[in-house]
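Q: Structure: protein-v7.txt, compact mmCIF, C-alpha atoms.
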```txt
# COMPACT_ATOMS: atom_id res chain seq x y z
CA MET M 1 6.08 9.55 32.78
CA GLN M 2 3.72 8.23 30.09
CA VAL M 3 4.05 11.49 28.15
CA GLN M 4 7.84 11.19 28.24
CA LYS M 5 7.68 7.59 26.98
CA GLU M 6 5.43 8.57 24.09
CA ASP M 7 7.73 11.49 23.29
CA ILE M 8 10.78 9.20 23.16
CA ARG M 9 8.89 6.65 21.06
CA GLY M 10 7.79 9.38 18.65
CA ARG M 11 11.33 10.73 18.33
CA VAL M 12 12.68 7.27 17.60
CA LEU M 13 10.02 6.67 14.94
CA ALA M 14 10.71 10.03 13.31
CA ALA M 15 14.46 9.39 13.30
CA ALA M 16 13.96 5.87 11.95
CA ARG M 17 11.71 7.09 9.17
CA GLU M 18 14.33 9.64 8.13
CA GLN M 19 17.15 7.07 8.22
CA PHE M 20 15.16 4.37 6.40
CA GLY M 21 14.09 6.92 3.80
CA ARG M 22 17.67 7.98 3.09
CA LYS M 23 19.59 4.73 3.53
CA GLY M 24 17.00 1.98 3.26
CA TYR M 25 16.51 -0.77 5.81
CA SER M 26 19.90 -2.40 5.23
CA GLY M 27 21.87 0.85 5.30
CA ALA M 28 20.29 2.31 8.43
CA SER M 29 21.74 1.42 11.82
CA MET M 30 20.12 1.42 15.24
CA ARG M 31 23.10 3.45 16.52
CA GLU M 32 22.46 6.22 13.97
CA ILE M 33 18.74 6.16 14.67
CA ALA M 34 19.38 6.45 18.40
CA ALA M 35 21.83 9.33 17.93
CA SER M 36 19.38 11.17 15.69
CA ALA M 37 16.57 10.65 18.23
CA GLY M 38 18.80 11.76 21.09
CA VAL M 39 18.48 8.51 23.06
CA GLY M 40 20.78 5.65 23.95
CA VAL M 41 20.77 2.61 21.67
CA GLY M 42 19.66 0.38 24.53
CA ASN M 43 16.69 2.67 25.17
CA ILE M 44 15.26 1.93 21.73
CA TYR M 45 14.80 -1.71 22.74
CA ASN M 46 12.44 -0.61 25.51
CA TYR M 47 10.03 0.34 22.72
CA PHE M 48 10.88 -1.89 19.76
CA THR M 49 12.06 -5.51 19.73
CA ASN M 50 14.66 -5.02 17.00
CA LYS M 51 15.37 -3.04 13.83
CA ASP M 52 12.86 -5.06 11.85
CA GLY M 53 10.14 -4.38 14.40
CA LEU M 54 11.00 -0.68 14.25
CA PHE M 55 10.86 -0.74 10.46
CA ARG M 56 7.45 -2.41 10.47
CA GLU M 57 6.14 0.18 12.92
CA VAL M 58 7.44 3.03 10.75
CA VAL M 59 5.57 1.76 7.66
CA ARG M 60 2.51 0.46 9.56
CA PRO M 61 0.25 3.38 8.46
CA VAL M 62 0.73 2.60 4.76
CA LEU M 63 0.36 -1.15 5.41
CA CYS M 64 -3.00 -0.45 7.07
CA ALA M 65 -4.06 1.86 4.23
CA LEU M 66 -3.27 -0.75 1.55
CA GLU M 67 -5.10 -3.44 3.53
CA ALA M 68 -8.13 -1.17 3.93
CA MET M 69 -8.14 -0.49 0.19
CA LEU M 70 -8.12 -4.21 -0.60
CA GLN M 71 -10.94 -4.97 1.83
CA GLU M 72 -12.97 -1.97 0.66
CA HIS M 73 -12.99 -3.12 -2.94
CA HIS M 74 -12.88 -6.91 -2.81
CA GLY M 75 -12.76 -8.17 0.77
CA ILE M 76 -14.97 -8.05 3.81
CA ARG M 77 -16.33 -4.62 2.84
CA GLY M 78 -16.28 -5.26 -0.90
CA GLY M 79 -18.96 -3.45 -2.87
CA ASP M 80 -21.23 -4.74 -5.60
CA ILE M 81 -19.53 -5.38 -8.92
CA MET M 82 -22.20 -3.40 -10.77
CA SER M 83 -20.98 -0.21 -9.11
CA MET M 84 -18.09 -0.31 -11.60
CA ARG M 85 -20.49 1.04 -14.21
CA SER M 86 -21.00 4.35 -12.41
CA GLU M 87 -19.08 7.60 -12.77
CA LYS M 88 -19.14 7.86 -8.98
CA TYR M 89 -17.08 4.65 -8.73
CA LEU M 90 -14.45 6.06 -11.08
CA GLU M 91 -14.25 9.31 -9.12
CA SER M 92 -14.00 7.53 -5.76
CA CYS M 93 -11.17 5.29 -7.04
CA ILE M 94 -9.23 8.29 -8.33
CA ASP M 95 -9.73 10.12 -5.02
CA GLU M 96 -8.62 7.03 -3.11
CA TYR M 97 -5.40 6.57 -5.08
CA VAL M 98 -4.52 10.27 -5.01
CA SER M 99 -5.20 10.41 -1.26
CA LEU M 100 -3.04 7.33 -0.70
CA MET M 101 -0.10 8.85 -2.56
CA ASP M 102 -0.59 12.28 -0.98
CA ARG M 103 -0.72 10.99 2.56
CA TYR M 104 1.76 8.13 2.42
CA ARG M 105 4.15 8.99 -0.38
CA GLY M 106 7.26 8.88 1.83
CA LEU M 107 6.21 5.68 3.58
CA MET M 108 5.24 4.08 0.27
CA GLU M 109 8.72 4.80 -1.04
CA ILE M 110 10.30 3.21 2.06
CA LEU M 111 8.04 0.15 1.82
CA LEU M 112 8.36 -0.47 -1.91
CA LEU M 113 11.87 0.78 -2.65
CA ARG M 114 13.85 0.67 0.61
CA ALA M 115 12.77 -2.55 2.37
CA GLN M 116 15.55 -4.87 1.15
CA GLY M 117 16.80 -6.98 4.06
CA SER M 118 13.69 -6.54 6.19
CA SER M 119 10.79 -8.96 6.74
CA LEU M 120 8.80 -6.75 4.36
CA GLU M 121 11.28 -7.13 1.51
CA HIS M 122 8.75 -9.25 -0.39
CA PHE M 123 5.68 -7.29 0.69
CA ARG M 124 4.66 -6.50 -2.88
CA GLU M 125 4.74 -10.17 -3.95
CA ASN M 126 2.99 -11.38 -0.78
CA TYR M 127 0.28 -8.73 -1.05
CA THR M 128 -0.23 -9.58 -4.73
CA ASP M 129 -0.66 -13.29 -3.97
CA ARG M 130 -3.13 -12.59 -1.17
CA SER M 131 -4.98 -10.02 -3.26
CA THR M 132 -5.40 -12.60 -6.03
CA GLU M 133 -7.12 -14.98 -3.59
CA VAL M 134 -9.30 -12.20 -2.15
CA VAL M 135 -10.43 -11.06 -5.62
CA LYS M 136 -11.16 -14.65 -6.69
CA ALA M 137 -13.40 -15.10 -3.64
CA TRP M 138 -15.09 -11.77 -4.38
CA PHE M 139 -15.73 -12.84 -7.98
CA ALA M 140 -17.29 -16.07 -6.71
CA SER M 141 -19.66 -14.13 -4.46
CA MET M 142 -20.54 -11.76 -7.30
CA ARG M 143 -21.27 -14.73 -9.59
CA GLN M 144 -23.90 -15.93 -7.15
CA LYS M 145 -25.42 -12.47 -6.95
CA HIS M 146 -25.26 -11.76 -10.71
CA PRO M 147 -25.29 -15.09 -12.62
CA GLY M 148 -25.16 -13.33 -16.00
CA ILE M 149 -21.73 -11.74 -15.57
CA ASN M 150 -18.50 -13.32 -16.72
CA THR M 151 -16.22 -14.08 -13.77
CA ALA M 152 -14.26 -16.83 -15.53
CA VAL M 153 -11.11 -14.73 -15.25
CA SER M 154 -7.74 -16.46 -15.04
CA ASP M 155 -5.76 -16.24 -11.83
CA PHE M 156 -2.91 -14.70 -13.78
CA ILE M 157 -5.03 -11.80 -15.05
CA ILE M 158 -6.16 -11.12 -11.48
CA HIS M 159 -2.52 -11.34 -10.38
CA LEU M 160 -1.47 -8.82 -13.05
CA HIS M 161 -4.13 -6.41 -11.84
CA THR M 162 -2.21 -5.93 -8.55
CA VAL M 163 1.23 -6.09 -10.21
CA TRP M 164 0.25 -3.16 -12.42
CA MET M 165 -0.96 -1.17 -9.41
CA PHE M 166 2.38 -1.52 -7.61
CA THR M 167 4.34 -0.84 -10.80
CA MET M 168 2.40 2.39 -11.21
CA PHE M 169 3.08 3.40 -7.60
CA GLU M 170 6.79 2.67 -7.98
CA GLU M 171 7.06 4.62 -11.23
CA LEU M 172 5.29 7.63 -9.72
CA LEU M 173 7.71 7.51 -6.79
CA MET M 174 10.90 6.97 -8.79
CA HIS M 175 10.05 9.78 -11.21
CA SER M 176 8.89 12.18 -8.44
CA VAL M 177 5.72 12.97 -10.39
CA PRO M 178 4.11 16.19 -9.03
CA ARG M 179 0.60 15.99 -7.59
CA GLN M 180 -1.30 17.67 -10.44
CA GLU M 181 0.31 15.44 -13.05
CA MET M 182 -0.12 12.42 -10.79
CA GLU M 183 -3.85 13.04 -10.52
CA SER M 184 -4.16 13.10 -14.32
CA ILE M 185 -2.10 9.91 -14.65
CA LEU M 186 -4.17 8.14 -12.02
CA HIS M 187 -7.38 9.22 -13.75
CA ASP M 188 -6.24 7.71 -17.06
CA TYR M 189 -4.86 4.56 -15.41
CA ILE M 190 -8.02 3.87 -13.40
CA LEU M 191 -10.28 4.65 -16.36
CA PHE M 192 -8.23 2.24 -18.49
CA GLU M 193 -8.43 -0.42 -15.79
CA ILE M 194 -12.15 -0.09 -15.07
CA GLN M 195 -13.08 -0.09 -18.76
CA GLY M 196 -10.93 -3.19 -19.22
CA TRP M 197 -12.59 -5.04 -16.33
CA ARG M 198 -16.04 -4.03 -17.58
CA ALA M 199 -15.23 -5.49 -21.00
CA ILE M 200 -13.97 -8.75 -19.48
CA ILE M 201 -16.80 -9.12 -16.99
CA ARG M 202 -19.36 -7.91 -19.54
CA ILE M 203 -21.25 -5.44 -17.40
```
Please, can you express the file's structure as structure tokens?

A:
Amino acid sequence: MQVQKEDIRGRVLAAAREQFGRKGYSGASMREIAASAGVGVGNIYNYFTNKDGLFREVVRPVLCALEAMLQEHHGIRGGDIMSMRSEKYLESCIDEYVSLMDRYRGLMEILLLRAQGSSLEHFRENYTDRSTEVVKAWFASMRQKHPGINTAVSDFIIHLHTVWMFTMFEELLMHSVPRQEMESILHDYILFEIQGWRAIIRI
């Protein structure tokens, strides 16, 4: 019985992802999702509260990945600011961004370009605001650890740091940039960003 429930849930999620990817949150209907999954509309509500809950579950993997990336760099698992001087840091950032786009490209497109009308419609703005606060706190902790660095960075510059990241993701998605070219673009973008931060922070 449990296997059958998981099978139905998986079919609904797959159908929802396909519908949200093609029509966006607003354009997709629970009836079409149910038909595509081969279940009754009422059956979907045994697994998901409503369409918004289903949408959030579809994009949950990329939400978790973006949260992990924030915490890895600046949050509870944030590394030392001096690591930005190493070539290894540059390489790991490039690998992280390429892996994110490789693994979650379709979900990223749904989240950033197809979420109008859902509770995640303003995800980008909300994430950016929270990221700004997380980075500010990280800078404060780094100032205590390395008193000689410059962490007097305006909130707006920190805010722009995340805005640029999402703009880059959206442009890569909208222009369907192939992987090899994407890797080169990400290399240049991250190099540009790290060198800029190093100049501002003076490390």

Q: I'd like to know which of M:Phe169, M:Val134, M:Val177, M:Met30 is closest to Gly78 in chain M, using all atoms listed in the file.

A: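 The shortest atom-to-atom distance to Gly78 in chain M comes from M:Val134.
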
Q: At a cut-off of 12 Å around the point (9.3, 9.6, 19.0) (file coordinates), what residues fall inside when counting all atoms listed in the file? I'd like the answer as a ChimeraX atom specification.

A: /M:3-18,33-34,36-39,43-44,47-48,54,57-58

Q: Next, write the just-selected residues to a file, as a PDB file, in the coordinates of the input, keeping C-alpha atoms as the atom set.

A:
```
ATOM      1  CA  VAL M   3       4.050  11.490  28.150  1.00  0.00           C
ATOM      2  CA  GLN M   4       7.840  11.190  28.240  1.00  0.00           C
ATOM      3  CA  LYS M   5       7.680   7.590  26.980  1.00  0.00           C
ATOM      4  CA  GLU M   6       5.430   8.570  24.090  1.00  0.00           C
ATOM      5  CA  ASP M   7       7.730  11.490  23.290  1.00  0.00           C
ATOM      6  CA  ILE M   8      10.780   9.200  23.160  1.00  0.00           C
ATOM      7  CA  ARG M   9       8.890   6.650  21.060  1.00  0.00           C
ATOM      8  CA  GLY M  10       7.790   9.380  18.650  1.00  0.00           C
ATOM      9  CA  ARG M  11      11.330  10.730  18.330  1.00  0.00           C
ATOM     10  CA  VAL M  12      12.680   7.270  17.600  1.00  0.00           C
ATOM     11  CA  LEU M  13      10.020   6.670  14.940  1.00  0.00           C
ATOM     12  CA  ALA M  14      10.710  10.030  13.310  1.00  0.00           C
ATOM     13  CA  ALA M  15      14.460   9.390  13.300  1.00  0.00           C
ATOM     14  CA  ALA M  16      13.960   5.870  11.950  1.00  0.00           C
ATOM     15  CA  ARG M  17      11.710   7.090   9.170  1.00  0.00           C
ATOM     16  CA  GLU M  18      14.330   9.640   8.130  1.00  0.00           C
ATOM     17  CA  ILE M  33      18.740   6.160  14.670  1.00  0.00           C
ATOM     18  CA  ALA M  34      19.380   6.450  18.400  1.00  0.00           C
ATOM     19  CA  SER M  36      19.380  11.170  15.690  1.00  0.00           C
ATOM     20  CA  ALA M  37      16.570  10.650  18.230  1.00  0.00           C
ATOM     21  CA  GLY M  38      18.800  11.760  21.090  1.00  0.00           C
ATOM     22  CA  VAL M  39      18.480   8.510  23.060  1.00  0.00           C
ATOM     23  CA  ASN M  43      16.690   2.670  25.170  1.00  0.00           C
ATOM     24  CA  ILE M  44      15.260   1.930  21.730  1.00  0.00           C
ATOM     25  CA  TYR M  47      10.030   0.340  22.720  1.00  0.00           C
ATOM     26  CA  PHE M  48      10.880  -1.890  19.760  1.00  0.00           C
ATOM     27  CA  LEU M  54      11.000  -0.680  14.250  1.00  0.00           C
ATOM     28  CA  GLU M  57       6.140   0.180  12.920  1.00  0.00           C
ATOM     29  CA  VAL M  58       7.440   3.030  10.750  1.00  0.00           C
TER      30      VAL M  58
END
```

Q: Considering only C-alpha atoms, tabulate each residue of range 18-71 of chain M that lies at most 10 Å from range 117-127 of chain M along with its nearest interatomic pair and the corresponding distance in Å to one decimal; arrange the rows by chain and ascending residue number and present them as JSON lines.

A:
```
{"residue": "M:Gly24", "atom": "CA", "partner": "M:Gly117", "partner_atom": "CA", "distance": 9.0}
{"residue": "M:Tyr25", "atom": "CA", "partner": "M:Ser118", "partner_atom": "CA", "distance": 6.4}
{"residue": "M:Ser26", "atom": "CA", "partner": "M:Gly117", "partner_atom": "CA", "distance": 5.7}
{"residue": "M:Gly27", "atom": "CA", "partner": "M:Gly117", "partner_atom": "CA", "distance": 9.4}
{"residue": "M:Lys51", "atom": "CA", "partner": "M:Ser118", "partner_atom": "CA", "distance": 8.6}
{"residue": "M:Asp52", "atom": "CA", "partner": "M:Ser118", "partner_atom": "CA", "distance": 5.9}
{"residue": "M:Gly53", "atom": "CA", "partner": "M:Ser119", "partner_atom": "CA", "distance": 8.9}
{"residue": "M:Phe55", "atom": "CA", "partner": "M:Ser118", "partner_atom": "CA", "distance": 7.7}
{"residue": "M:Arg56", "atom": "CA", "partner": "M:Leu120", "partner_atom": "CA", "distance": 7.6}
{"residue": "M:Val59", "atom": "CA", "partner": "M:Leu120", "partner_atom": "CA", "distance": 9.7}
{"residue": "M:Leu63", "atom": "CA", "partner": "M:Phe123", "partner_atom": "CA", "distance": 9.4}
{"residue": "M:Leu66", "atom": "CA", "partner": "M:Tyr127", "partner_atom": "CA", "distance": 9.1}
{"residue": "M:Glu67", "atom": "CA", "partner": "M:Tyr127", "partner_atom": "CA", "distance": 8.8}
{"residue": "M:Leu70", "atom": "CA", "partner": "M:Tyr127", "partner_atom": "CA", "distance": 9.5}
```

Q: Can you work out which one of M:Val62, M:Val135, M:Met84, M:Cys93 has the shortest atom-to-atom distance to Arg105 in chain M, counting only C-alpha atoms?

A: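 When distances to Arg105 in chain M are compared using only C-alpha atoms, the smallest one comes from M:Val62.
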
Q: CA of His74 in chain M and CA of Gly106 in chain M are how many Å apart?

A: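 Result for CA of His74 in chain M versus CA of Gly106 in chain M: 26.0 Å, one decimal.
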
Q: For a quick check of understanding, using all atoms listed in the file, which of M:Ser184, M:Ser154, M:Ser83, M:Gln144 has the smallest distance to Thr132 in chain M?

A: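 Residue with the minimum atom-to-atom distance to Thr132 in chain M: M:Ser154.
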
Q: Between M:Leu172, M:Met69, M:Met82, M:Leu90, which is the closest to Lys145 in chain M once you count all atoms listed in the file?

A: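 Between M:Leu172, M:Met69, M:Met82, M:Leu90, the residue approaching Lys145 in chain M most closely is M:Met82.
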
Q: Is there a way to get, as a ChimeraX atom specification, all residues within 12 Å of the point (9.2, 10.0, -6.6) in file coordinates, counting all atoms listed in the file?

A: /M:21,101-102,104-110,112-113,168-179,182

Q: Quick one: pull the distance between CA of Ile149 in chain M and CA of Ile203 in chain M, Å, one decimal.

A: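 Between CA of Ile149 in chain M and CA of Ile203 in chain M the gap works out to 6.6 Å.
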
Q: For Ile201 in chain M, list every protein, DNA or RNA residue within 7 Å, evaluated using all atoms listed in the file, and leave out those in the same chain fewer than 4 positions away; present the list as a PyMOL selection string.

A: chain M and resi 149-151+197

Q: So that I can see what lies close to Pro147 in chain M, please list as a ChimeraX atom specification the residues with an atom at most 12 Å from it, counting all atoms listed in the file and leaving out residues fewer than 5 positions away in the same chain.

A: /M:81,139-142,152,201-203
